[in-house]
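Undergrad: One structure, pasted below without further comment.
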Amino acid sequence: ITLPTAKDIETYCRQENVALVVIGPEQPLVDGLADQLREAGIAVFGPGHAGAQLEASKDFTKKLCDRMNLPTARYTTCENRTAEFEDIYEQGAPEVVKADGLAAGKGVTVAMKPKQAVEAVDACFDGAFGEAGARVVLEEYLEGEEASFFALCDGTRAVMFTSAQDHKRAFDGDEGPNTGGMGTYSPTPVMDEAMNE
């Protein structure tokens with residue numbers, strides 16, 4: 001399958017008088033498709049390359065949180081097995097192992113035992129997630145529910161939307177591997193009006 005280039009998409013938009021392009025997949029955003037279409041004068045919903053780095057690299061996002069003093073779980077980023085294995089046994093379980101790059105929602109393992117963490121690190125470095133697993137972020141396990149809160153921003157203004165939660169684990173009772181694409185529910189009951197405000 002040959003995917004269309006940014007120029008192909010621009011040409012199609014002009015031929016069909018497309019007023020707005022909504023980019024869904026993460027990789028084209030990381031590759032700068034939104035930037036290229038905006039430069040061509042085509043309206044786009046989606047972040048440019050710089051904004052998409054937040055999703056493209058867990059390490060990038062963690063370092064940004066550190067720089068901006070934003071609360072985030074304790075973490076270590078490593079590029080070889082030796083450092084990871086030392087860290088796994090130093091921190092103990094549970095621990096979260098993340099492929100640094102884009103892995104279609106599948107690159108995160110919540111390891112309840114050190115053996116699971118070692119297996120997850122091995123999977124990353126053995127190529128289970130391609131280039132996404134060339135670096136690994138080991139993260140402190142935080143217990144609780146995760147929710148997302150959405151807003152549309154144009155750089156100076158923000159319009160608040162609502163909250164949502166993912167179905168994170170594959171099986172009932174919060175069991176099984178993390179998974180992407182299983183859907184969400186919105187609004188989420190863990191976000192009350194006070195939290196929204």
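Just so we're on the same page: first chain in the structure tokens is A, next is B, and so on; residues restart at 1 for each chain, and ligands are numbered from 1 in the order they show up.
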Mind checking which residues fall within 12 Å of A:Lys58, counting only C-alpha atoms, ignoring those fewer than 5 positions away in the same chain, and posting them as a list of chain:residue names?
TA: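 Skipping anything fewer than 5 positions along the chain leaves A:Ala52, A:Gln53, A:Lys63, A:Leu64, A:Cys65, A:Thr72, A:Ala73, A:Tyr75, A:Thr76, A:Thr77, A:Cys78, A:Val97, A:Lys98, A:Ala99, A:Asp100, A:Gly101, A:Leu102, A:Ala103, A:Gly107, A:Val108, A:Ala132, A:Gly133, A:Arg135, A:Val136, A:Val137, A:Leu138, A:Glu139.
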Undergrad: Could you save the residues just selected, with N, CA, C and O atoms, as a short mmCIF file (atom, residue, chain, number, x, y, z; two decimals), in the first residue's frame?
TA:
```cif
data_model
loop_
_atom_site.label_atom_id
_atom_site.label_comp_id
_atom_site.auth_asym_id
_atom_site.auth_seq_id
_atom_site.Cartn_x
_atom_site.Cartn_y
_atom_site.Cartn_z
N ALA A 52 2.77 17.62 18.47
CA ALA A 52 2.61 16.17 18.39
C ALA A 52 3.73 15.42 19.10
O ALA A 52 3.60 14.23 19.38
N GLN A 53 4.83 16.11 19.42
CA GLN A 53 5.93 15.45 20.14
C GLN A 53 5.49 14.96 21.51
O GLN A 53 6.06 14.03 22.07
N LYS A 63 10.26 14.95 30.33
CA LYS A 63 11.24 16.02 30.51
C LYS A 63 10.57 17.39 30.47
O LYS A 63 10.96 18.30 31.21
N LEU A 64 9.56 17.55 29.63
CA LEU A 64 8.82 18.81 29.58
C LEU A 64 8.10 19.04 30.91
O LEU A 64 8.13 20.15 31.45
N CYS A 65 7.49 17.99 31.46
CA CYS A 65 6.84 18.11 32.76
C CYS A 65 7.84 18.54 33.83
O CYS A 65 7.55 19.41 34.65
N THR A 72 4.32 14.67 37.82
CA THR A 72 4.37 13.46 36.99
C THR A 72 5.02 12.34 37.79
O THR A 72 5.76 12.60 38.74
N ALA A 73 4.70 11.11 37.43
CA ALA A 73 5.28 9.96 38.12
C ALA A 73 6.80 9.96 37.96
O ALA A 73 7.33 10.37 36.92
N TYR A 75 10.38 8.66 37.05
CA TYR A 75 10.68 7.86 35.87
C TYR A 75 12.18 7.81 35.60
O TYR A 75 12.96 8.60 36.11
N THR A 76 12.55 6.85 34.76
CA THR A 76 13.90 6.74 34.23
C THR A 76 13.77 6.37 32.76
O THR A 76 12.94 5.54 32.41
N THR A 77 14.58 6.98 31.91
CA THR A 77 14.61 6.61 30.49
C THR A 77 15.95 5.94 30.22
O THR A 77 16.98 6.47 30.60
N CYS A 78 15.89 4.78 29.58
CA CYS A 78 17.11 4.03 29.31
C CYS A 78 17.13 3.54 27.87
O CYS A 78 16.10 3.37 27.24
N VAL A 97 6.17 0.00 32.42
CA VAL A 97 7.19 -0.05 31.36
C VAL A 97 6.54 0.49 30.09
O VAL A 97 5.50 0.00 29.67
N LYS A 98 7.18 1.51 29.49
CA LYS A 98 6.61 2.14 28.30
C LYS A 98 7.62 2.20 27.17
O LYS A 98 8.73 2.69 27.37
N ALA A 99 7.22 1.73 26.00
CA ALA A 99 8.01 2.00 24.80
C ALA A 99 7.95 3.50 24.60
O ALA A 99 6.88 4.11 24.70
N ASP A 100 9.08 4.14 24.32
CA ASP A 100 9.13 5.60 24.26
C ASP A 100 8.28 6.18 23.13
O ASP A 100 7.64 7.21 23.29
N GLY A 101 8.26 5.53 21.99
CA GLY A 101 7.60 6.10 20.82
C GLY A 101 6.18 5.64 20.62
O GLY A 101 5.56 5.03 21.51
N LEU A 102 5.64 5.92 19.43
CA LEU A 102 4.27 5.55 19.08
C LEU A 102 4.16 4.04 18.89
O LEU A 102 4.88 3.47 18.08
N ALA A 103 3.25 3.42 19.63
CA ALA A 103 3.08 1.96 19.55
C ALA A 103 1.61 1.59 19.43
O ALA A 103 1.19 0.53 19.90
N GLY A 107 2.08 -0.13 23.69
CA GLY A 107 3.44 -0.15 24.20
C GLY A 107 3.60 0.08 25.68
O GLY A 107 4.70 0.38 26.15
N VAL A 108 2.53 -0.10 26.47
CA VAL A 108 2.60 0.13 27.91
C VAL A 108 2.27 -1.16 28.65
O VAL A 108 1.27 -1.81 28.35
N ALA A 132 9.62 2.29 18.06
CA ALA A 132 9.02 2.86 19.27
C ALA A 132 9.67 2.33 20.54
O ALA A 132 9.71 3.00 21.56
N GLY A 133 10.19 1.09 20.48
CA GLY A 133 10.78 0.47 21.65
C GLY A 133 12.29 0.58 21.74
O GLY A 133 12.91 -0.08 22.56
N ARG A 135 13.92 3.01 22.87
CA ARG A 135 14.15 3.55 24.22
C ARG A 135 12.97 3.14 25.07
O ARG A 135 11.86 2.97 24.58
N VAL A 136 13.22 3.01 26.37
CA VAL A 136 12.18 2.57 27.30
C VAL A 136 12.10 3.56 28.46
O VAL A 136 13.12 3.99 28.98
N VAL A 137 10.87 3.91 28.82
CA VAL A 137 10.64 4.74 30.00
C VAL A 137 10.08 3.83 31.09
O VAL A 137 9.06 3.18 30.90
N LEU A 138 10.79 3.76 32.21
CA LEU A 138 10.31 3.04 33.40
C LEU A 138 9.70 4.08 34.32
O LEU A 138 10.34 5.07 34.66
N GLU A 139 8.48 3.82 34.73
CA GLU A 139 7.74 4.84 35.46
C GLU A 139 7.18 4.26 36.76
O GLU A 139 6.76 3.10 36.82
#
```
Undergrad: Quick one: residues within 12 Å of A:Met195, only C-alpha atoms counted, chain neighbours fewer than 2 positions away excluded, as a ChimeraX atom specification?
TA: /A:147-149,162-163,188-193,197
Undergrad: How many Å lie between atom CA of A:Lys106 and atom CA of A:Arg74, rounded to one decimal?
TA: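 Between atom CA of A:Lys106 and atom CA of A:Arg74 the gap is 21.2 Å.
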Undergrad: Report the distance between atom CA of A:Met160 and atom CA of A:Ile42 in Å, rounded to one decimal place.
TA: 24.4 Å
Undergrad: Find the spatial neighbours of A:Phe161, counting only C-alpha atoms, within a cut-off of 12 Å - ignore same-chain residues fewer than 5 positions away - and output them as a list of chain:residue names.
TA: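 Returned residues: A:Ser148, A:Phe149, A:Phe150, A:Ala151, A:Leu152, A:Cys153, A:Ser186, A:Pro187, A:Asn196, A:Glu197.
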Undergrad: Neighbouring residues of A:Glu146 were defined as those with any atom within 10 Å, considering only C-alpha atoms; residues of the same chain fewer than 3 positions away were excluded. Please report them as a list of chain:residue names.
TA: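 These residues fall inside the cut-off: A:Leu142, A:Glu143, A:Ala164, A:Gln165, A:Asp166, A:Lys168, A:Thr188, A:Val190.
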Undergrad: Export, as a PDB file, in the first residue's frame, the selected residues with all heavy atoms.
TA:
```pdb
ATOM      1  N   LEU A 142       1.362   4.521  39.663  1.00  0.00           N
ATOM      2  CA  LEU A 142       0.435   5.363  40.425  1.00  0.00           C
ATOM      3  C   LEU A 142      -0.925   4.677  40.432  1.00  0.00           C
ATOM      4  O   LEU A 142      -1.465   4.353  39.371  1.00  0.00           O
ATOM      5  CB  LEU A 142       0.307   6.747  39.780  1.00  0.00           C
ATOM      6  CG  LEU A 142       1.582   7.570  39.684  1.00  0.00           C
ATOM      7  CD1 LEU A 142       1.324   8.893  38.976  1.00  0.00           C
ATOM      8  CD2 LEU A 142       2.190   7.807  41.062  1.00  0.00           C
ATOM      9  N   GLU A 143      -1.462   4.463  41.603  1.00  0.00           N
ATOM     10  CA  GLU A 143      -2.745   3.770  41.707  1.00  0.00           C
ATOM     11  C   GLU A 143      -3.881   4.768  41.636  1.00  0.00           C
ATOM     12  O   GLU A 143      -3.791   5.871  42.187  1.00  0.00           O
ATOM     13  CB  GLU A 143      -2.809   2.992  43.023  1.00  0.00           C
ATOM     14  CG  GLU A 143      -3.962   2.027  43.082  1.00  0.00           C
ATOM     15  CD  GLU A 143      -3.846   1.050  44.238  1.00  0.00           C
ATOM     16  OE1 GLU A 143      -2.788   1.001  44.891  1.00  0.00           O
ATOM     17  OE2 GLU A 143      -4.836   0.348  44.478  1.00  0.00           O
ATOM     18  N   ALA A 164     -13.298  12.293  29.661  1.00  0.00           N
ATOM     19  CA  ALA A 164     -13.494  10.936  29.151  1.00  0.00           C
ATOM     20  C   ALA A 164     -12.521  10.000  29.847  1.00  0.00           C
ATOM     21  O   ALA A 164     -11.507  10.432  30.372  1.00  0.00           O
ATOM     22  CB  ALA A 164     -13.279  10.884  27.645  1.00  0.00           C
ATOM     23  N   GLN A 165     -12.865   8.726  29.850  1.00  0.00           N
ATOM     24  CA  GLN A 165     -11.967   7.689  30.341  1.00  0.00           C
ATOM     25  C   GLN A 165     -11.876   6.586  29.303  1.00  0.00           C
ATOM     26  O   GLN A 165     -12.864   6.229  28.667  1.00  0.00           O
ATOM     27  CB  GLN A 165     -12.477   7.090  31.662  1.00  0.00           C
ATOM     28  CG  GLN A 165     -12.123   7.928  32.873  1.00  0.00           C
ATOM     29  CD  GLN A 165     -12.556   7.264  34.159  1.00  0.00           C
ATOM     30  OE1 GLN A 165     -13.741   7.183  34.433  1.00  0.00           O
ATOM     31  NE2 GLN A 165     -11.601   6.796  34.938  1.00  0.00           N
ATOM     32  N   ASP A 166     -10.653   6.035  29.160  1.00  0.00           N
ATOM     33  CA  ASP A 166     -10.438   4.885  28.282  1.00  0.00           C
ATOM     34  C   ASP A 166     -10.791   3.601  29.011  1.00  0.00           C
ATOM     35  O   ASP A 166     -10.668   3.515  30.224  1.00  0.00           O
ATOM     36  CB  ASP A 166      -8.955   4.760  27.896  1.00  0.00           C
ATOM     37  CG  ASP A 166      -8.471   5.906  27.030  1.00  0.00           C
ATOM     38  OD1 ASP A 166      -9.313   6.596  26.447  1.00  0.00           O
ATOM     39  OD2 ASP A 166      -7.247   6.090  26.954  1.00  0.00           O
ATOM     40  N   LYS A 168      -8.970   0.728  29.678  1.00  0.00           N
ATOM     41  CA  LYS A 168      -7.524   0.497  29.594  1.00  0.00           C
ATOM     42  C   LYS A 168      -7.150  -0.977  29.452  1.00  0.00           C
ATOM     43  O   LYS A 168      -6.320  -1.345  28.637  1.00  0.00           O
ATOM     44  CB  LYS A 168      -6.826   1.054  30.827  1.00  0.00           C
ATOM     45  CG  LYS A 168      -6.694   2.556  30.803  1.00  0.00           C
ATOM     46  CD  LYS A 168      -5.648   2.970  29.810  1.00  0.00           C
ATOM     47  CE  LYS A 168      -5.350   4.434  29.885  1.00  0.00           C
ATOM     48  NZ  LYS A 168      -4.600   4.922  28.757  1.00  0.00           N
ATOM     49  N   THR A 188     -16.941  11.296  32.233  1.00  0.00           N
ATOM     50  CA  THR A 188     -16.584  10.279  33.208  1.00  0.00           C
ATOM     51  C   THR A 188     -17.058  10.676  34.602  1.00  0.00           C
ATOM     52  O   THR A 188     -16.947  11.840  34.983  1.00  0.00           O
ATOM     53  CB  THR A 188     -15.066  10.030  33.215  1.00  0.00           C
ATOM     54  OG1 THR A 188     -14.752   9.190  34.323  1.00  0.00           O
ATOM     55  CG2 THR A 188     -14.288  11.325  33.352  1.00  0.00           C
ATOM     56  N   VAL A 190     -15.734  10.175  37.425  1.00  0.00           N
ATOM     57  CA  VAL A 190     -14.692  10.592  38.375  1.00  0.00           C
ATOM     58  C   VAL A 190     -14.428  12.096  38.309  1.00  0.00           C
ATOM     59  O   VAL A 190     -13.820  12.657  39.196  1.00  0.00           O
ATOM     60  CB  VAL A 190     -13.367   9.823  38.192  1.00  0.00           C
ATOM     61  CG1 VAL A 190     -13.561   8.336  38.382  1.00  0.00           C
ATOM     62  CG2 VAL A 190     -12.709  10.126  36.861  1.00  0.00           C
TER      63      VAL A 190
END
```
Undergrad: Going by DSSP on the backbone, which bits of stretch 107-156 of chain A are strand (DSSP E or B)? Write them as a ChimeraX atom specification, please.
TA: /A:108-111,136-140,148-153
Undergrad: Rounded to one decimal in Å, what is the spacing between atom CA of A:Phe85 and atom CA of A:Gly144?
TA: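 According to the coordinates, atom CA of A:Phe85 and atom CA of A:Gly144 are separated by 25.9 Å.
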Undergrad: Among the residues of stretch 17-150 of chain A, find those DSSP assigns to alpha helix (DSSP H) from the backbone and print them as a PyMOL selection string.
TA: chain A and resi 26-30+33-39+49-56+58-67+81-91+114-125
Undergrad: Which residue out of A:Thr109, A:Val44, A:Tyr89, A:Thr82 has the minimum interatomic distance to A:Ala123 when only C-alpha atoms are used?
TA: A:Thr109
Undergrad: Write out as a list of chain:residue names the residues lying within 7 Å of A:Ala34, counting only C-alpha atoms and excluding same-chain residues fewer than 4 positions away.
TA: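 Everything that qualifies: A:Leu29, A:Arg38, A:Val44, A:Gly46, A:Pro47, A:Gly48.
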Undergrad: Any chance you can output those residues with C-alpha atoms as an mmCIF file, in the first residue's frame?
TA:
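Result written to part_0.cif:
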```
data_model
loop_
_atom_site.group_PDB
_atom_site.id
_atom_site.type_symbol
_atom_site.label_atom_id
_atom_site.label_comp_id
_atom_site.auth_asym_id
_atom_site.auth_seq_id
_atom_site.Cartn_x
_atom_site.Cartn_y
_atom_site.Cartn_z
ATOM 1 C CA LEU A 29 0.762 14.569 12.920
ATOM 2 C CA ARG A 38 -1.501 24.970 7.028
ATOM 3 C CA VAL A 44 -6.503 21.720 9.762
ATOM 4 C CA GLY A 46 -4.748 18.730 14.777
ATOM 5 C CA PRO A 47 -1.441 19.772 16.308
ATOM 6 C CA GLY A 48 1.630 20.612 14.288
#
```
Undergrad: Find the residue from A:Pro28, A:Met68, A:Val22, A:Ile1 that sits nearest to A:His49; use only C-alpha atoms when measuring.
TA: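 Ranking A:Pro28, A:Met68, A:Val22, A:Ile1 by distance to A:His49, first place goes to A:Pro28.
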Undergrad: From the set A:Ala128, A:Asp154, A:Thr61, A:Glu86, which residue has the shortest atom-to-atom contact distance to A:Phe45, counting only C-alpha atoms?
TA: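 Among the listed residues, A:Asp154 lies closest to A:Phe45.
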Undergrad: Mind checking which residues fall within 12 Å of A:Ala170, counting only C-alpha atoms, ignoring those fewer than 2 positions away in the same chain, and posting them as number ranges by chain?
TA: A: 105-106, 109, 166-168, 172-183
Undergrad: How about saving the chosen residues, N, CA, C and O atoms kept, as a compact mmCIF listing (two decimals), in the first residue's frame?
TA:
```txt
# COMPACT_ATOMS: atom_id res chain seq x y z
N GLY A 105 -1.00 2.43 21.00
CA GLY A 105 -1.70 2.15 22.26
C GLY A 105 -1.31 0.83 22.91
O GLY A 105 -1.89 0.45 23.92
N LYS A 106 -0.33 0.13 22.36
CA LYS A 106 0.02 -1.19 22.87
C LYS A 106 1.36 -1.23 23.60
O LYS A 106 1.77 -2.27 24.08
N THR A 109 3.12 -1.52 29.61
CA THR A 109 2.87 -2.69 30.45
C THR A 109 2.86 -2.24 31.90
O THR A 109 3.82 -1.63 32.37
N ASP A 166 -10.65 6.04 29.16
CA ASP A 166 -10.44 4.89 28.28
C ASP A 166 -10.79 3.60 29.01
O ASP A 166 -10.67 3.51 30.22
N HIS A 167 -11.16 2.59 28.24
CA HIS A 167 -11.17 1.22 28.74
C HIS A 167 -9.74 0.73 28.59
O HIS A 167 -9.31 0.39 27.50
N LYS A 168 -8.97 0.73 29.68
CA LYS A 168 -7.52 0.50 29.59
C LYS A 168 -7.15 -0.98 29.45
O LYS A 168 -6.32 -1.35 28.64
N ASP A 172 -12.17 -8.03 31.97
CA ASP A 172 -12.99 -7.51 33.06
C ASP A 172 -12.19 -7.47 34.36
O ASP A 172 -11.21 -8.21 34.53
N GLY A 173 -12.62 -6.61 35.26
CA GLY A 173 -11.97 -6.53 36.57
C GLY A 173 -10.60 -5.90 36.51
O GLY A 173 -9.76 -6.16 37.37
N ASP A 174 -10.35 -5.06 35.50
CA ASP A 174 -9.06 -4.38 35.35
C ASP A 174 -7.90 -5.38 35.25
O ASP A 174 -6.82 -5.18 35.80
N GLU A 175 -8.13 -6.47 34.52
CA GLU A 175 -7.12 -7.50 34.34
C GLU A 175 -6.62 -7.48 32.90
O GLU A 175 -7.28 -6.97 32.02
N GLY A 176 -5.43 -8.07 32.70
CA GLY A 176 -4.91 -8.22 31.35
C GLY A 176 -4.06 -7.04 30.92
O GLY A 176 -3.89 -6.07 31.65
N PRO A 177 -3.54 -7.12 29.69
CA PRO A 177 -2.64 -6.08 29.20
C PRO A 177 -3.37 -4.78 28.88
O PRO A 177 -4.57 -4.78 28.64
N ASN A 178 -2.61 -3.67 28.91
CA ASN A 178 -3.14 -2.40 28.44
C ASN A 178 -3.41 -2.53 26.95
O ASN A 178 -2.72 -3.24 26.24
N THR A 179 -4.41 -1.81 26.49
CA THR A 179 -4.76 -1.92 25.09
C THR A 179 -5.25 -0.59 24.57
O THR A 179 -5.82 0.20 25.32
N GLY A 180 -5.02 -0.32 23.32
CA GLY A 180 -5.54 0.89 22.70
C GLY A 180 -6.73 0.55 21.83
O GLY A 180 -6.87 -0.57 21.37
N GLY A 181 -7.61 1.51 21.63
CA GLY A 181 -8.69 1.33 20.68
C GLY A 181 -9.91 0.59 21.18
O GLY A 181 -10.75 0.18 20.38
N MET A 182 -10.04 0.38 22.48
CA MET A 182 -11.21 -0.33 22.98
C MET A 182 -12.37 0.60 23.29
O MET A 182 -13.41 0.18 23.76
N GLY A 183 -12.17 1.88 23.07
CA GLY A 183 -13.26 2.82 23.28
C GLY A 183 -13.15 3.59 24.58
O GLY A 183 -12.32 3.29 25.43
```
